[in-house]
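Trainee: Questions regarding the structure given below will be posed in turn.
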2 protein chains.
Amino acid sequence: MSSVYETLLDKVHQIYDLEKAARVLSWDREVSMPRGGDTARIQQLTTLRRLSHTLLTSDQMGDLVEAAAVELNGVAYESKQASLVRFLRRDVHNARKLPSDFFAHLTATTGQAGTAWKQARSDNDFAVFQPWLEKVVALQQAVVELLGYQDEPYDALLDKWEPGAKTADVRATFAETKRALLPLYQTIRERGAWVDDSCLHQPYDVEKQKAIAHYLAAAVGYDFERGHLGASVHPFSTGFARDDVRITTRYYPDFLGMAVFATLHEAGHAIYEQNTDAELTRTPLARETSAGFDESQSRMAENMIGRSRGFWRVHFPRLQETFPQQLGDCTVDTFYRAINKVKPGLIRVEADELTYNFHIILRFELEQGLIHGDLAVADLPAAWNEQMQATLGLTPPDDREGVLQDVHWSWGYFGYFPTYALGNLYAAQLYEAAVSQDPTIGEELENGRPEPLLAWLRENVHRPGRKFPPSELIWRATGRPLGHQAFVRYATRKFSEIYEL
Amino acid sequence: MSSVYETLLDKVHQIYDLEKAARVLSWDREVSMPRGGDTARIQQLTTLRRLSHTLLTSDQMGDLVEAAAVELNGVAYESKQASLVRFLRRDVHNARKLPSDFFAHLTATTGQAGTAWKQARSDNDFAVFQPWLEKVVALQQAVVELLGYQDEPYDALLDKWEPGAKTADVRATFAETKRALLPLYQTIRERGAWVDDSCLHQPYDVEKQKAIAHYLAAAVGYDFERGHLGASVHPFSTGFARDDVRITTRYYPDFLGMAVFATLHEAGHAIYEQNTDAELTRTPLARETSAGFDESQSRMAENMIGRSRGFWRVHFPRLQETFPQQLGDCTVDTFYRAINKVKPGLIRVEADELTYNFHIILRFELEQGLIHGDLAVADLPAAWNEQMQATLGLTPPDDREGVLQDVHWSWGYFGYFPTYALGNLYAAQLYEAAVSQDPTIGEELENGRPEPLLAWLRENVHRPGRKFPPSELIWRATGRPLGHQAFVRYATRKFSEIYEL
């Protein structure tokens, strides 16, 4: 006779299979689907998500979770069993607040809003997107009401991506980060184009870039036996199982930086899921504990490893061999500075490490305005441009380089943007802790060997998956709650050195 | 208040969305999935198929279908509504004979058998596949018992792919076909290599072949706005919706025939689903009425159109432009003969039009032996080789070129193989009827314009989808039941002319 827990696990497998199937359909939508397929694809995604939501929120599921909690009384806190039941209690509780029909409506609307956003961006016409964004914002406000909150409405949305995080805390942390780093940015900006990155801006054969992308992903630990590197307009990472985690990158024929760092970034996401404990397979625990933690791993691969001197000391010769005409006369030091150039720019995904967080803080503030009702969608483009001018001293020439640059809002991903900056802070704090716990980690990285750092991350971040919420995982790994200090130290040291301040 | 029919339709949409989602997962498995993803993918497919089966066989569904039949009493026989209810009555009735757990077990087992077949084929080792094939055969025998039959067990399996067809009739038709055409094959074989096809066997740049494949698919009516041409080891066609029907092809660097005819073949399948009536979207009617009819359309595009003189009279110059070195000195007549060369060969997918059916008849006979218990799986390779020698006068040097060449049995597709030969017979009979109803169809094709034939097929075959079973559709389109005569006339005329008999 099977235990309550085993019965529960069987249901969980089904729900999780449906969620993963939906991810396959979304991946295909981005990388292969012909235009004609969009209507049917949205319907299929809606059906899959509605079914998984219906199964998750059924009375049977609620009863099973509670009965399993009783059955497992006394089982170790860190075990898969106890962690899964703990996770499900919260997940089922939250999911039950959203009726299945509402959830299906949400999926269908964001599916169509995504299509409208694409059109608007390609036409450079915010008016095409505006009515859809209004629908999405209204639905997000409805989500807030259904989920409920204690302090401020935005908390309810933030909690979906960064469980347990509070808007007020995030706001304070971001303010400290900005206070410490905006002056550094302004100093660098006043000094002008100190760093020469022209070596990156040359014709680079795309087929050769593909070979390099493959090589670099493997160099930061991405397992191609359990993955696949494709191409898409917006690079992304998505997992269909621990042993099938896909990434895409993007190739610019006249700029090497895009493919190199998009690949490292997405590989960083992917190795997180690839290295979750095998016993968590086919459960919701087999993934990142929060969007912020997920981003910390992509930024670790892209920046702490991929924009470090040591990494390129080892791998730059390979680049030179592949592109002798372009890089034959370039030194590794010139290359290192080029890939770390601080460039005031309008586009988030092209931002350097120093200014990236400012792009996020802007979005975080605008999102709160939209959700709290202080900012109308119609006024969003103007508000965007104004804040961009106030922070970075730049005004977008059009909405394509402004408010229309990101897909996230069309997907209903409100509360998600702040996790990008939280990811940078997590990454710096994890990195500092790893090096202080074991100094060879830093020394090896100086010699271009990220393996000890990756091993530390596997143990302290990847393996547990979602057994522990992010606030607990950061404590376990670093002995402190998340703060801005490590990132500020990291960025100040790095850019002061490069810019000789 | 919505009608019973509308409630039914909503359920049908969900079931159909799940089936289509499973197809996306299968497509991805063939074209992108890393090796590591296989275990999880089989689980996901099993979950999707189990769920759709559970929904289809629920008491609620059974009641809805019966209530809708009453509600729609008097609605025209040809209407979507009446046709859908007619189809569902049969489909639900059959599906209910298979318990969901059995169905899930079947899906999981064939998933694993597919993996074992791949391994066996790559290792050229039938023993790797044998235990899995034994499981699959036993499960197919169980399916026969669950579904039931009137005359002979194999009927139950044949009926899944060719609804209403009887094994005895198929056996008789195949015997007539073989009786009429085997002597023709033997005469040609005795005359030796009359036709020179060396022009096809040269180095052909794969990137240029891709451009040609794209061009040819469009030339037979494949709509790229609602499709996508990929590459895979085994070319196939699959539809995720009427407006998203994908095909794959395969490129050989030293043989042009593979890409050209695999592309035309799969395009033929795809235009069937692309041209089903738009009002049938998201229902099980929006696809081919049987596997045999589906194959008739692929063979129509590949052979009646794609291996005709008229087609190449128009398109050969494009081939010559693309491959001036290889084809500059070749005449269209030499090319026409080359692509129609009769070659005694071991491999079904490389067989010419004349010998193709013999490959099928061999499999049809072996399948019956396996299902009826007259042939043990262990004895299958020897039986295969013996029959191959008896019919085509050839013995495979190993199982890779013999019993391991096809994936179908690993998938549990018993009863499917005969539909390939039925497809050839349908195609010839449809072609003959079209030309006799409207002589301009044949004249235009002689001038390389397949459009009038395609228009006739759209109206008489594609548009109705699965409104009518195959035996009824062939009557409606040609005024006769399916027979061997049209194909025998077609093949005799064509090959007598080419071989000057």
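Chains: A, B, ... in order of the structure tokens. Residues: from 1 per chain. Ligands: from 1, in order shown.
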If we count only C-alpha atoms and set the cut-off at 7 Å, which residues sit around segment 338-351 of chain B, ignoring sequence neighbours fewer than 3 positions away in its own chain? Please answer as a list in words.

Mentor: Val195, Asp196, Asp197, Arg307, Thr334, Phe335, Leu354, Thr355, Tyr356, His359, Leu392, Pro396, Glu401 and Gly402 of chain B

Trainee: I need the residues in segment 181-368 of chain B that are strand (DSSP E or B) according to DSSP; give them as a list in words.

Mentor: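 Answer for segment 181-368 of chain B restricted to strand (DSSP E or B) is Gly227, His228, Leu229, Gly230, Ala231, Ser237, Thr238, Gly239, Phe240, Ala241, Asp244, Val245, Arg246, Ile247, Thr248, Thr249, Tyr252 and Phe255 of chain B.
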
Trainee: Using only C-alpha atoms and a cut-off of 8 Å, which residues of chain B sit close to chain A? Please list them as a JSON list (two decimals) with N, CA and C atoms, in the first residue's frame.

Mentor:
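That gives us out.json:
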[["chain", "number", "residue", "atom", "x", "y", "z"],
["B", 14, "GLN", "N", -10.10, 21.29, -25.22],
["B", 14, "GLN", "CA", -9.09, 20.96, -24.21],
["B", 14, "GLN", "C", -8.37, 19.67, -24.56],
["B", 17, "ASP", "N", -6.15, 20.30, -27.53],
["B", 17, "ASP", "CA", -4.97, 21.09, -27.15],
["B", 17, "ASP", "C", -3.91, 20.19, -26.51],
["B", 18, "LEU", "N", -4.34, 19.28, -25.66],
["B", 18, "LEU", "CA", -3.38, 18.37, -25.02],
["B", 18, "LEU", "C", -2.71, 17.47, -26.05],
["B", 20, "LYS", "N", -2.24, 18.11, -29.18],
["B", 20, "LYS", "CA", -1.34, 18.92, -30.00],
["B", 20, "LYS", "C", -0.09, 19.29, -29.20],
["B", 21, "ALA", "N", -0.26, 19.55, -27.91],
["B", 21, "ALA", "CA", 0.90, 19.84, -27.06],
["B", 21, "ALA", "C", 1.85, 18.63, -27.06],
["B", 24, "VAL", "N", 3.95, 18.72, -30.06],
["B", 24, "VAL", "CA", 5.07, 19.67, -29.97],
["B", 24, "VAL", "C", 6.23, 19.02, -29.21],
["B", 25, "LEU", "N", 5.90, 18.32, -28.12],
["B", 25, "LEU", "CA", 6.95, 17.67, -27.34],
["B", 25, "LEU", "C", 7.65, 16.57, -28.16],
["B", 28, "ASP", "N", 9.92, 18.31, -30.78],
["B", 28, "ASP", "CA", 11.13, 18.81, -30.11],
["B", 28, "ASP", "C", 12.07, 17.65, -29.79],
["B", 32, "SER", "N", 15.45, 18.84, -31.52],
["B", 32, "SER", "CA", 16.30, 19.67, -30.65],
["B", 32, "SER", "C", 16.76, 19.00, -29.35],
["B", 33, "MET", "N", 16.02, 18.05, -28.85],
["B", 33, "MET", "CA", 16.25, 17.58, -27.49],
["B", 33, "MET", "C", 17.63, 16.96, -27.29],
["B", 34, "PRO", "N", 18.33, 17.37, -26.20],
["B", 34, "PRO", "CA", 19.59, 16.69, -25.89],
["B", 34, "PRO", "C", 19.30, 15.29, -25.34],
["B", 35, "ARG", "N", 20.30, 14.42, -25.45],
["B", 35, "ARG", "CA", 20.11, 13.04, -25.04],
["B", 35, "ARG", "C", 19.59, 12.91, -23.61],
["B", 36, "GLY", "N", 20.11, 13.77, -22.73],
["B", 36, "GLY", "CA", 19.73, 13.69, -21.33],
["B", 36, "GLY", "C", 18.25, 13.90, -21.07],
["B", 37, "GLY", "N", 17.57, 14.53, -22.01],
["B", 37, "GLY", "CA", 16.17, 14.89, -21.77],
["B", 37, "GLY", "C", 15.18, 13.78, -21.96],
["B", 40, "ALA", "N", 12.75, 12.31, -18.93],
["B", 40, "ALA", "CA", 11.71, 13.27, -18.53],
["B", 40, "ALA", "C", 10.71, 13.47, -19.65],
["B", 43, "GLN", "N", 8.14, 10.81, -19.66],
["B", 43, "GLN", "CA", 7.20, 11.04, -18.56],
["B", 43, "GLN", "C", 6.19, 12.14, -18.90],
["B", 44, "GLN", "N", 6.69, 13.21, -19.49],
["B", 44, "GLN", "CA", 5.80, 14.33, -19.84],
["B", 44, "GLN", "C", 4.78, 13.90, -20.89],
["B", 47, "THR", "N", 2.17, 11.75, -19.26],
["B", 47, "THR", "CA", 1.21, 12.56, -18.49],
["B", 47, "THR", "C", 0.20, 13.24, -19.41],
["B", 48, "LEU", "N", 0.69, 13.85, -20.49],
["B", 48, "LEU", "CA", -0.23, 14.55, -21.41],
["B", 48, "LEU", "C", -1.23, 13.57, -22.02],
["B", 224, "PHE", "N", 4.55, 28.59, -46.04],
["B", 224, "PHE", "CA", 5.57, 28.82, -45.01],
["B", 224, "PHE", "C", 5.15, 29.81, -43.93],
["B", 225, "GLU", "N", 4.14, 30.60, -44.21],
["B", 225, "GLU", "CA", 3.62, 31.48, -43.15],
["B", 225, "GLU", "C", 2.98, 30.65, -42.03],
["B", 226, "ARG", "N", 2.60, 29.42, -42.39],
["B", 226, "ARG", "CA", 1.92, 28.56, -41.43],
["B", 226, "ARG", "C", 2.68, 27.22, -41.32],
["B", 227, "GLY", "N", 3.99, 27.33, -41.47],
["B", 227, "GLY", "CA", 4.80, 26.13, -41.40],
["B", 227, "GLY", "C", 6.26, 26.44, -41.18],
["B", 228, "HIS", "N", 7.06, 25.41, -41.19],
["B", 228, "HIS", "CA", 8.48, 25.54, -40.87],
["B", 228, "HIS", "C", 9.16, 24.28, -41.39],
["B", 240, "PHE", "N", 0.63, 21.14, -35.33],
["B", 240, "PHE", "CA", 0.26, 21.59, -33.99],
["B", 240, "PHE", "C", -1.02, 22.38, -34.04],
["B", 241, "ALA", "N", -1.46, 22.68, -35.23],
["B", 241, "ALA", "CA", -2.70, 23.42, -35.51],
["B", 241, "ALA", "C", -2.75, 23.51, -37.03],
["B", 243, "ASP", "N", -2.81, 26.01, -38.71],
["B", 243, "ASP", "CA", -1.95, 27.10, -39.14],
["B", 243, "ASP", "C", -0.51, 26.97, -38.64],
["B", 244, "ASP", "N", -0.14, 25.78, -38.24],
["B", 244, "ASP", "CA", 1.24, 25.53, -37.81],
["B", 244, "ASP", "C", 1.56, 24.06, -38.06],
["B", 282, "ARG", "N", -9.04, 23.17, -34.00],
["B", 282, "ARG", "CA", -9.09, 22.84, -32.57],
["B", 282, "ARG", "C", -10.06, 21.70, -32.26]]

Trainee: Within 7 Å of Thr110 of chain B, counting only C-alpha atoms, which residues show up once you throw out same-chain ones fewer than 3 positions away? Write them as JSON, numbers by chain, please.

Mentor: {"B": [106, 107, 113, 114, 136, 410, 411, 412]}

Trainee: Go ahead and write the residues just picked, N, CA, C and O atoms, as a compact mmCIF listing (two decimals), in the first residue's frame.

Mentor:
# COMPACT_ATOMS: atom_id res chain seq x y z
N LEU B 106 1.16 1.96 -21.99
CA LEU B 106 1.46 1.82 -23.41
C LEU B 106 2.35 2.96 -23.89
O LEU B 106 3.37 2.74 -24.57
N THR B 107 1.99 4.18 -23.53
CA THR B 107 2.78 5.35 -23.94
C THR B 107 4.19 5.27 -23.38
O THR B 107 5.17 5.51 -24.09
N ALA B 113 10.80 1.91 -25.71
CA ALA B 113 11.14 1.03 -26.82
C ALA B 113 11.77 1.83 -27.96
O ALA B 113 12.68 1.35 -28.65
N GLY B 114 11.28 3.06 -28.14
CA GLY B 114 11.86 3.92 -29.18
C GLY B 114 13.33 4.21 -28.91
O GLY B 114 14.17 4.20 -29.82
N VAL B 136 6.21 -4.70 -26.64
CA VAL B 136 5.30 -3.93 -27.48
C VAL B 136 4.29 -4.85 -28.17
O VAL B 136 3.09 -4.56 -28.21
N SER B 410 8.66 0.10 -32.85
CA SER B 410 9.02 0.54 -31.50
C SER B 410 7.95 1.47 -30.95
O SER B 410 7.69 1.51 -29.75
N TRP B 411 7.35 2.23 -31.81
CA TRP B 411 6.28 3.15 -31.38
C TRP B 411 4.95 2.43 -31.13
O TRP B 411 3.97 3.07 -30.75
N GLY B 412 4.89 1.16 -31.44
CA GLY B 412 3.62 0.44 -31.31
C GLY B 412 2.69 0.70 -32.49
O GLY B 412 1.48 0.50 -32.39

Trainee: If we count only C-alpha atoms, what is near Ile441 of chain A at a cut-off of 6 Å, once residues fewer than 3 positions away on the same chain are taken out, given as a list in words?

Mentor: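 Selected residues are Val435, Asp438, Glu444, Pro452 and Leu453 of chain A.
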
Trainee: How would the residues just chosen look if you wrote them out with N, CA, C and O atoms as a PDB file, in the first residue's frame?

Mentor:
ATOM      1  N   VAL A 435      34.880  33.220  -1.408  1.00  0.00           N
ATOM      2  CA  VAL A 435      36.314  33.512  -1.354  1.00  0.00           C
ATOM      3  C   VAL A 435      36.796  33.599   0.090  1.00  0.00           C
ATOM      4  O   VAL A 435      37.902  33.163   0.417  1.00  0.00           O
ATOM      5  N   ASP A 438      37.007  30.083   1.501  1.00  0.00           N
ATOM      6  CA  ASP A 438      38.078  29.275   0.898  1.00  0.00           C
ATOM      7  C   ASP A 438      38.877  30.139  -0.079  1.00  0.00           C
ATOM      8  O   ASP A 438      38.493  30.295  -1.237  1.00  0.00           O
ATOM      9  N   GLU A 444      42.282  30.538  -7.675  1.00  0.00           N
ATOM     10  CA  GLU A 444      42.083  29.721  -8.867  1.00  0.00           C
ATOM     11  C   GLU A 444      41.400  30.523  -9.962  1.00  0.00           C
ATOM     12  O   GLU A 444      41.727  30.401 -11.134  1.00  0.00           O
ATOM     13  N   PRO A 452      36.606  25.586  -8.693  1.00  0.00           N
ATOM     14  CA  PRO A 452      36.338  25.597  -7.242  1.00  0.00           C
ATOM     15  C   PRO A 452      35.140  26.491  -6.877  1.00  0.00           C
ATOM     16  O   PRO A 452      34.338  26.128  -6.013  1.00  0.00           O
ATOM     17  N   LEU A 453      35.024  27.638  -7.552  1.00  0.00           N
ATOM     18  CA  LEU A 453      33.853  28.494  -7.301  1.00  0.00           C
ATOM     19  C   LEU A 453      32.577  27.757  -7.704  1.00  0.00           C
ATOM     20  O   LEU A 453      31.580  27.753  -6.970  1.00  0.00           O
TER      21      LEU A 453
END

Trainee: What lies within 6 Å of segment 467-479 of chain A using only C-alpha atoms, ignoring chain neighbours under 2 positions off, as a list in words?

Mentor: Ser83, Thr289, Ala433, Asn460, Pro464, Gly465 and Pro481 of chain A

Trainee: Please measure the separation of atom CA of Leu457 of chain B and atom CA of Thr173 of chain B, giving the value in Å to one decimal.

Mentor: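 Here the two named atoms are 23.8 Å from each other.
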
Trainee: Check the DSSP output for the backbone and give back, as a PyMOL selection string, the residues of segment 240-442 of chain A in alpha helix (DSSP H).

Mentor: chain A and resi 256-274+291-299+309-322+324-327+332-339+353-372+380-392+417-437+439-442

Trainee: Set the distance at 7 Å and use only C-alpha atoms: which residues neighbour Glu273 of chain B once local chain neighbours fewer than 6 positions away are removed? I'd like the list as a PyMOL selection string.

Mentor: chain B and resi 242+286-288+462

Trainee: Export, as a JSON list (two decimals), in the first residue's frame, the selected residues with N, CA and C atoms.

Mentor:
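Listing of out02.json after writing:
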[["chain", "number", "residue", "atom", "x", "y", "z"],
["B", 242, "ARG", "N", -3.92, 23.76, -37.56],
["B", 242, "ARG", "CA", -4.07, 23.94, -39.00],
["B", 242, "ARG", "C", -3.08, 25.00, -39.52],
["B", 286, "ALA", "N", -9.90, 18.30, -37.76],
["B", 286, "ALA", "CA", -8.97, 19.12, -38.55],
["B", 286, "ALA", "C", -7.71, 18.36, -38.90],
["B", 287, "ARG", "N", -7.87, 17.16, -39.45],
["B", 287, "ARG", "CA", -6.71, 16.41, -39.90],
["B", 287, "ARG", "C", -7.14, 15.36, -40.91],
["B", 288, "GLU", "N", -6.17, 14.59, -41.37],
["B", 288, "GLU", "CA", -6.44, 13.58, -42.40],
["B", 288, "GLU", "C", -7.44, 12.55, -41.90],
["B", 462, "HIS", "N", -8.87, 17.58, -48.85],
["B", 462, "HIS", "CA", -8.33, 18.31, -47.70],
["B", 462, "HIS", "C", -9.42, 18.95, -46.85]]

Trainee: Which is closer to Thr249 of chain B than all the others in B:Val12, B:Pro183, B:Glu30, B:Ser290, using only C-alpha atoms?

Mentor: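 Closest residue, counting only C-alpha atoms: B:Glu30.
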
Trainee: Which residues, written as a list in words, have at least one atom at most 12 Å from Asp63 of chain A, with only C-alpha atoms counted and residues fewer than 3 positions away on the same chain left out?

Mentor: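 Near neighbours after the sequence-gap exclusion: Val4, Tyr5, Thr7, Leu8, Leu56, Thr57, Ser58, Asp59, Gln60, Glu66, Ala67, Ala68, Ala69, Val70, Val85, Leu88, Arg89, Val92 and His93 of chain A.
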
Trainee: For Lys11 of chain B, which of B:Gln150, B:Ser298, B:Thr54, B:Thr238 is the closest residue, counting only C-alpha atoms?

Mentor: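 Checking each candidate against Lys11 of chain B, we get B:Thr54 as the closest.
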